[in-house]
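File shown here: model.txt, holding compact mmCIF, C-alpha atoms and all ligand atoms.
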# COMPACT_ATOMS: atom_id res chain seq x y z
CA MET A 1 86.71 154.17 71.10
CA PRO A 2 88.99 151.43 72.52
CA GLU A 3 92.01 150.99 70.31
CA LEU A 4 91.54 147.25 69.93
CA LEU A 5 88.32 147.60 67.96
CA PRO A 6 88.80 147.67 64.19
CA ASP A 7 88.53 151.12 62.64
CA PRO A 8 85.25 151.04 60.66
CA SER A 9 86.92 153.06 57.87
CA GLN A 10 89.34 150.15 57.37
CA ILE A 11 86.55 147.72 56.48
CA GLY A 12 85.50 147.46 52.86
CA PRO A 13 86.91 149.49 49.97
CA ILE A 14 88.86 152.56 51.08
CA ALA A 15 87.37 155.85 49.97
CA GLN A 16 90.57 157.34 48.62
CA PRO A 17 92.91 154.93 46.83
CA PRO A 18 96.60 155.81 47.29
CA PHE A 19 98.03 157.91 44.47
CA VAL A 20 100.92 155.50 43.88
CA ILE A 21 101.72 151.90 44.66
CA LEU A 22 105.50 151.48 44.57
CA PRO A 23 106.98 148.20 43.35
CA ASP A 24 108.55 145.48 45.48
CA PRO A 25 111.12 144.50 42.83
CA VAL A 26 111.87 140.90 43.84
CA ARG A 27 108.19 140.01 44.32
CA LEU A 28 107.28 141.83 41.11
CA PHE A 29 109.68 139.88 38.89
CA ARG A 30 108.92 136.56 40.61
CA ARG A 31 105.22 137.07 40.10
CA ARG A 32 105.81 138.08 36.49
CA ALA A 33 107.88 134.94 35.88
CA GLU A 34 105.16 132.71 37.34
CA ARG A 35 102.47 134.43 35.31
CA LEU A 36 104.49 134.14 32.08
CA ARG A 37 104.98 130.41 32.67
CA HIS A 38 101.27 130.00 33.29
CA LEU A 39 100.34 131.96 30.17
CA ALA A 40 102.81 129.92 28.10
CA ARG A 41 100.75 126.76 28.69
CA GLU A 42 98.04 127.84 26.31
CA SER A 43 99.70 130.29 23.98
CA ARG A 44 101.05 130.26 20.48
CA LEU A 45 103.69 132.58 21.90
CA ALA A 46 104.85 129.91 24.38
CA PRO A 47 108.56 129.94 23.40
CA TYR A 48 108.76 133.72 23.78
CA LEU A 49 106.76 133.73 27.04
CA ILE A 50 109.04 131.06 28.53
CA PHE A 51 112.09 133.04 27.46
CA LEU A 52 110.66 136.15 29.18
CA ALA A 53 109.82 134.03 32.26
CA GLU A 54 113.46 132.97 32.53
CA LEU A 55 114.50 136.59 32.03
CA ALA A 56 112.12 137.68 34.82
CA GLU A 57 113.68 135.02 37.09
CA VAL A 58 117.09 136.51 36.36
CA GLN A 59 115.66 139.97 37.11
CA ALA A 60 114.20 138.72 40.42
CA ALA A 61 117.52 137.22 41.51
CA LEU A 62 119.61 140.25 40.58
CA PRO A 63 118.95 142.65 43.51
CA ALA A 64 120.41 140.15 46.03
CA THR A 65 123.71 140.24 44.10
CA LEU A 66 123.94 144.04 43.87
CA PRO A 67 124.78 146.76 46.40
CA THR A 68 121.86 148.66 47.93
CA VAL A 69 120.67 151.45 45.64
CA THR A 70 121.26 155.08 46.56
CA PRO A 71 117.96 156.98 46.53
CA PRO A 72 117.98 160.37 44.77
CA PRO A 73 119.13 163.14 47.13
CA GLU A 74 116.45 164.69 49.32
CA ALA A 75 116.96 168.13 47.70
CA ARG A 76 116.39 166.65 44.26
CA VAL A 77 113.17 164.93 45.40
CA ALA A 78 111.91 168.20 46.94
CA LEU A 79 112.79 170.25 43.85
CA ALA A 80 111.14 167.69 41.57
CA ARG A 81 108.01 167.80 43.68
CA GLU A 82 107.86 171.61 43.56
CA SER A 83 108.40 171.78 39.82
CA ARG A 84 106.20 168.76 38.99
CA MET A 85 109.09 166.73 37.63
CA PRO A 86 109.77 163.05 38.30
CA PRO A 87 112.33 162.52 41.10
CA LEU A 88 114.21 159.92 39.04
CA ASN A 89 116.23 161.67 36.37
CA ARG A 90 116.31 159.57 33.21
CA LEU A 91 119.05 161.60 31.53
CA SER A 92 121.46 160.98 34.38
CA LEU A 93 120.35 157.33 34.73
CA ALA A 94 121.76 156.61 31.24
CA ARG A 95 125.20 157.63 32.55
CA ASP A 96 124.81 156.28 36.09
CA ALA A 97 127.48 153.90 37.42
CA ASP A 98 124.93 151.79 39.37
CA MET A 99 122.82 151.49 36.22
CA ALA A 100 125.90 150.32 34.28
CA ALA A 101 126.72 147.80 37.03
CA THR A 102 123.16 146.46 36.98
CA LEU A 103 123.36 146.04 33.21
CA ALA A 104 126.70 144.21 33.48
CA ALA A 105 125.28 141.91 36.17
CA LEU A 106 122.17 141.14 34.12
CA LEU A 107 124.19 140.40 30.98
CA ALA A 108 126.32 137.94 32.96
CA ALA A 109 123.36 136.28 34.70
CA ALA A 110 121.37 135.98 31.45
CA ASP A 111 123.94 133.67 29.92
CA GLY A 112 122.20 130.58 31.31
CA ILE A 113 118.81 131.37 29.74
CA ALA A 114 117.70 129.14 26.87
CA MET A 115 117.10 131.49 23.97
CA PRO A 116 116.77 131.70 20.20
CA GLU A 117 119.85 132.42 18.08
CA ALA A 118 118.92 136.06 17.45
CA ALA A 119 118.55 136.78 21.18
CA ARG A 120 121.89 135.04 21.88
CA ALA A 121 123.62 137.08 19.18
CA ALA A 122 122.14 140.29 20.61
CA LEU A 123 123.22 139.31 24.14
CA ASP A 124 126.76 138.65 22.91
CA ALA A 125 126.76 141.97 21.05
CA VAL A 126 125.73 143.95 24.15
CA ARG A 127 128.23 142.06 26.29
CA GLY A 128 130.98 142.94 23.83
CA ALA A 129 129.84 146.54 23.42
CA ASP A 130 131.94 149.42 24.72
CA ALA A 131 130.64 151.89 27.30
CA GLU A 132 129.65 154.38 24.62
CA THR A 133 127.47 151.85 22.76
CA ARG A 134 125.88 150.65 26.01
CA GLY A 135 125.22 154.29 26.88
CA ARG A 136 123.44 154.79 23.55
CA LEU A 137 121.29 151.68 24.09
CA LEU A 138 120.46 152.88 27.62
CA ALA A 139 119.56 156.35 26.34
CA ASN A 140 117.14 154.85 23.78
CA VAL A 141 115.48 152.62 26.38
CA LEU A 142 115.25 155.52 28.83
CA SER A 143 113.60 157.66 26.13
CA ASP A 144 110.90 154.97 25.75
CA ASP A 145 111.98 154.98 22.12
CA ILE A 146 113.41 151.70 20.86
CA PRO A 147 114.23 151.42 17.14
CA VAL A 148 112.12 148.59 15.72
CA GLU A 149 114.92 147.29 13.50
CA ASP A 150 117.27 147.00 16.47
CA ALA A 151 114.88 145.67 19.14
CA ALA A 152 116.91 142.61 20.27
CA PRO A 153 119.91 144.31 21.96
CA HIS A 154 117.55 146.87 23.49
CA LEU A 155 115.52 144.08 25.11
CA TRP A 156 118.50 143.10 27.29
CA VAL A 157 119.17 146.69 28.22
CA ALA A 158 115.48 147.29 28.99
CA ALA A 159 115.46 144.28 31.33
CA ALA A 160 118.35 145.80 33.30
CA VAL A 161 116.70 149.24 33.34
CA GLN A 162 113.51 147.65 34.73
CA VAL A 163 115.48 146.17 37.63
CA HIS A 164 117.41 149.32 38.49
CA ALA A 165 114.45 151.69 38.03
CA ALA A 166 112.15 149.47 40.13
CA ARG A 167 114.75 149.38 42.92
CA LEU A 168 115.09 153.17 42.80
CA ALA A 169 111.31 153.59 42.79
CA ALA A 170 111.08 151.30 45.81
CA SER A 171 113.56 153.54 47.63
CA LEU A 172 111.26 156.58 47.35
CA ASP A 173 108.51 157.72 49.70
CA GLY A 174 105.27 157.20 47.76
CA GLU A 175 103.44 159.70 49.95
CA ARG A 176 105.62 162.50 48.61
CA LEU A 177 105.02 161.81 44.91
CA VAL A 178 102.71 164.10 42.97
CA PRO A 179 100.97 163.82 39.59
CA ILE A 180 103.06 165.18 36.72
CA ARG A 181 101.08 164.89 33.50
CA VAL A 182 98.66 162.42 31.98
CA GLY A 183 100.46 159.27 30.89
CA VAL A 184 103.67 160.18 32.73
CA CYS A 185 104.99 158.09 35.63
CA PRO A 186 105.28 160.24 38.78
CA CYS A 187 108.43 158.35 39.76
CA CYS A 188 110.53 158.08 36.59
CA GLY A 189 108.67 160.10 33.97
CA GLY A 190 108.05 157.03 31.80
CA ARG A 191 105.06 155.91 29.79
CA PRO A 192 102.66 153.23 30.97
CA ALA A 193 102.70 149.79 29.36
CA THR A 194 99.10 149.09 30.32
CA SER A 195 96.65 150.04 33.03
CA VAL A 196 95.15 147.78 35.65
CA VAL A 197 91.80 147.86 37.46
CA LEU A 198 92.76 146.46 40.84
CA GLY A 199 90.99 143.54 42.42
CA THR A 200 92.59 144.00 45.82
CA LEU A 201 89.84 144.02 48.42
CA ARG A 202 90.46 147.47 49.84
CA ILE A 203 91.00 149.27 46.57
CA GLU A 204 88.68 147.17 44.45
CA GLY A 205 87.83 148.90 41.20
CA ALA A 206 90.49 151.62 41.35
CA ARG A 207 92.42 151.99 38.09
CA TYR A 208 96.20 152.38 37.97
CA ALA A 209 98.57 153.05 35.08
CA ALA A 210 101.51 150.62 35.15
CA CYS A 211 104.90 152.18 34.34
CA ALA A 212 106.78 150.12 31.74
CA THR A 213 110.11 151.16 33.23
CA CYS A 214 110.00 151.34 37.03
CA ALA A 215 106.76 149.34 37.58
CA THR A 216 105.20 152.05 39.72
CA LEU A 217 101.40 152.04 39.61
CA TRP A 218 99.71 155.42 39.66
CA ASN A 219 96.06 156.15 40.11
CA GLU A 220 94.00 157.41 37.19
CA VAL A 221 90.22 157.69 36.87
CA ARG A 222 88.53 154.66 35.40
CA ILE A 223 87.58 156.03 31.98
CA LYS A 224 90.31 158.29 30.63
CA CYS A 225 92.78 158.23 27.74
CA LEU A 226 96.27 157.70 29.16
CA ALA A 227 97.82 159.35 26.11
CA CYS A 228 95.99 162.70 26.01
CA GLY A 229 93.86 162.75 29.16
CA SER A 230 90.51 162.98 27.38
CA THR A 231 87.57 161.54 29.30
CA LYS A 232 85.23 162.00 26.33
CA GLY A 233 85.07 159.80 23.26
CA ILE A 234 86.44 156.78 25.13
CA SER A 235 85.32 153.32 24.05
CA TYR A 236 86.53 149.77 24.53
CA ARG A 237 87.42 147.01 22.10
CA ALA A 238 88.24 143.43 22.93
CA LEU A 239 88.45 139.92 21.59
CA GLY A 240 85.15 138.57 22.88
CA GLU A 241 82.43 139.72 25.27
CA GLU A 242 83.98 138.21 28.39
CA ALA A 243 87.49 139.59 27.78
CA VAL A 244 89.38 140.67 30.92
CA ILE A 245 91.80 142.70 28.79
CA LYS A 246 90.45 145.46 26.58
CA ALA A 247 91.79 148.26 24.43
CA GLU A 248 90.75 151.64 25.83
CA VAL A 249 90.30 153.64 22.66
CA CYS A 250 90.36 157.45 22.46
CA ASP A 251 88.64 159.35 19.68
CA ALA A 252 90.34 162.62 20.67
CA CYS A 253 93.93 161.54 19.93
CA HIS A 254 93.35 158.25 18.13
CA SER A 255 95.39 156.15 20.52
CA TRP A 256 94.65 153.11 22.63
CA VAL A 257 96.10 151.55 25.76
CA LYS A 258 95.29 148.13 27.21
CA ILE A 259 93.25 147.98 30.39
CA LEU A 260 93.55 144.80 32.47
CA TYR A 261 90.61 143.94 34.73
CA GLN A 262 92.36 142.40 37.71
CA ASN A 263 89.07 142.79 39.57
CA LYS A 264 87.77 140.03 37.26
CA ASP A 265 90.96 137.96 37.14
CA THR A 266 93.43 138.61 39.97
CA ALA A 267 96.21 136.71 38.15
CA LEU A 268 96.62 139.38 35.45
CA GLU A 269 100.05 141.04 35.42
CA ALA A 270 100.79 144.36 33.69
CA ILE A 271 103.68 143.21 31.49
CA ALA A 272 103.19 139.44 31.22
CA ASP A 273 99.58 139.77 30.10
CA ASP A 274 100.47 142.65 27.80
CA VAL A 275 102.83 140.38 25.86
CA ALA A 276 100.50 137.36 25.96
CA SER A 277 97.54 139.38 24.66
CA LEU A 278 99.26 140.17 21.39
CA GLY A 279 96.05 139.11 19.62
CA LEU A 280 94.48 142.36 20.81
CA ASP A 281 97.38 144.31 19.26
CA ALA A 282 96.74 142.46 16.01
CA LEU A 283 93.05 143.39 16.17
CA MET A 284 93.90 147.04 16.84
CA GLY A 285 96.66 147.01 14.22
CA ASP A 286 93.94 146.81 11.57
CA THR A 287 92.30 150.01 12.82
CA GLU A 288 93.12 153.71 12.56
CA TRP A 289 94.19 153.90 16.22
CA ARG A 290 97.81 153.65 17.32
CA ARG A 291 99.09 151.85 20.41
CA ALA A 292 100.17 154.35 23.10
CA GLY A 293 101.32 151.80 25.71
CA PHE A 294 105.09 151.26 25.75
CA ASP A 295 106.47 147.77 26.27
CA PRO A 296 110.09 147.01 25.38
CA PHE A 297 109.15 143.31 25.09
CA LEU A 298 106.69 144.05 22.29
CA VAL A 299 108.86 146.27 20.10
CA GLY A 300 109.15 144.73 16.66
CA PHE A 301 105.95 142.65 16.88
ZN ZN A 401 108.17 154.79 36.24
ZN ZN A 402 93.54 160.40 23.80
Can I see the file as structure tokens?
Amino acid sequence: MPELLPDPSQIGPIAQPPFVILPDPVRLFRRRAERLRHLARESRLAPYLIFLAELAEVQAALPATLPTVTPPPEARVALARESRMPPLNRLSLARDADMAATLAALLAAADGIAMPEAARAALDAVRGADAETRGRLLANVLSDDIPVEDAAPHLWVAAAVQVHAARLAASLDGERLVPIRVGVCPCCGGRPATSVVLGTLRIEGARYAACATCATLWNEVRIKCLACGSTKGISYRALGEEAVIKAEVCDACHSWVKILYQNKDTALEAIADDVASLGLDALMGDTEWRRAGFDPFLVGF
């Protein structure tokens, strides 16, 4: 076949969706900022969404001010792959000099954001914190375990972790990543915030879990609990028949994770829409199921 003719396999949805879609950090945070501003127009949460939009703009601008990230060593990536571990090591990230520099840069850049008193006080506290305290905050964020009563300082640290982890994820070769366990990011070992059914033409209908930390998307089958892996006893709850965001509810482990139908609304964004759809959390809060999606911007709500 002459090379200039289109490959018929490239037309229409591709048979095998890629296992991972790695983030493009600058585009990711810009898109998130735009989406948050859009969502703020018709939301009771407008002040918080606008604050997060400004934070996402700071996150988007940060990589240009920082040195290029050093990808994990080749030997580490190979060993991780063999032993089904994530190539990004969260324990060492908490003590990593580049991570600390990213946090310092974010804390400085965030100064210009308009924010409520409590957020300002938390920002000042983290800026004044010694290395040991910052290390503790980083360790909590990197454990996907943020104490509810101390959410505000952790929010700033989580924003910096998102930037650094997304840049590291972007430095990896997606083709070499392998599944680890259900609900575990194959890049950084983190938990998903939400999952997204893609609307992109060529992978229309494929479902991806969205890592709350490094923003990697990894492929999962369409109907499956992202907490325990059960494909039985799955049902969906939503606010209204036409909802494009639903709670995927699992009877096996009694958890739920949001699923965002980007194939019905291409504007949906994994973190922005998670925060803006807090009404669904309120609905589920009255049930016996617990939220399994992790989102540092929703801790304390
Ligand atoms: Zn991740
Ligand atoms: Zn489950």
Ranking A:Asp173, A:Asp274, A:Glu241, A:Asp265 by minimum distance to Ile21 (chain A) and counting all atoms listed in the file, which one comes first?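 Result for the nearest residue to Ile21 (chain A): A:Asp173.
Here the question is which of A:Gly183, A:Pro71, A:Gly135, A:Pro116 gets nearest to ligand ZN 401 (chain A) using only C-alpha atoms and all ligand atoms, and that residue is A:Gly183.
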Shortest interatomic distance to ligand ZN 402 (chain A) - which of A:Val182, A:Ala129, A:Ala212, A:Leu278, counting only C-alpha atoms and all ligand atoms: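 Once distances to ligand ZN 402 (chain A) are computed over only C-alpha atoms and all ligand atoms, the minimum belongs to A:Val182.
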Pull the closest atom pair for each residue of chain A that gets at most 7 Å from ligand ZN 401 (chain A), along with the distance in Å to one decimal, counting all atoms listed in the file, ordering rows by chain and then ascending residue number, as CSV.
residue,atom,partner,partner_atom,distance
A:Cys185,CA,A:ZN401,ZN,4.6
A:Pro186,CA,A:ZN401,ZN,6.7
A:Cys187,CA,A:ZN401,ZN,5.0
A:Cys188,CA,A:ZN401,ZN,4.1
A:Gly189,CA,A:ZN401,ZN,5.8
A:Gly190,CA,A:ZN401,ZN,5.0
A:Cys211,CA,A:ZN401,ZN,4.6
A:Ala212,CA,A:ZN401,ZN,6.6
A:Thr213,CA,A:ZN401,ZN,5.1
A:Cys214,CA,A:ZN401,ZN,4.0
A:Ala215,CA,A:ZN401,ZN,5.8
A:Thr216,CA,A:ZN401,ZN,5.3
Write a file of the just-selected residues containing C-alpha atoms, as a compact mmCIF listing (two decimals), in the coordinates of the input.
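Output file out-v5.txt is given in full below:
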# COMPACT_ATOMS: atom_id res chain seq x y z
CA CYS A 185 104.99 158.09 35.63
CA PRO A 186 105.28 160.24 38.78
CA CYS A 187 108.43 158.35 39.76
CA CYS A 188 110.53 158.08 36.59
CA GLY A 189 108.67 160.10 33.97
CA GLY A 190 108.05 157.03 31.80
CA CYS A 211 104.90 152.18 34.34
CA ALA A 212 106.78 150.12 31.74
CA THR A 213 110.11 151.16 33.23
CA CYS A 214 110.00 151.34 37.03
CA ALA A 215 106.76 149.34 37.58
CA THR A 216 105.20 152.05 39.72
Residues within 8 Å of ligand ZN 402 (chain A), counting only C-alpha atoms and all ligand atoms: report them as a PyMOL selection string. chain A and resi 224-230+249-256
Given the choices A:Glu269, A:Glu149, A:Asp295, A:Glu117, which gets closest to Asp281 (chain A) if the distance is worked out from only C-alpha atoms?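 Of the candidates, the smallest distance to Asp281 (chain A) is held by A:Asp295.
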Nearest-residue call for Glu248 (chain A), choices A:Phe19, A:Met284, A:Ala110, A:Val178, using all atoms listed in the file: A:Met284
Listed atoms of region 238-243 of chain A boxed along x, y and z, 4 Å each side, centre and edge lengths in Å, one decimal, as JSON:
{"center_x": 85.4, "center_y": 140.8, "center_z": 25.0, "size_x": 14.0, "size_y": 13.2, "size_z": 14.8}
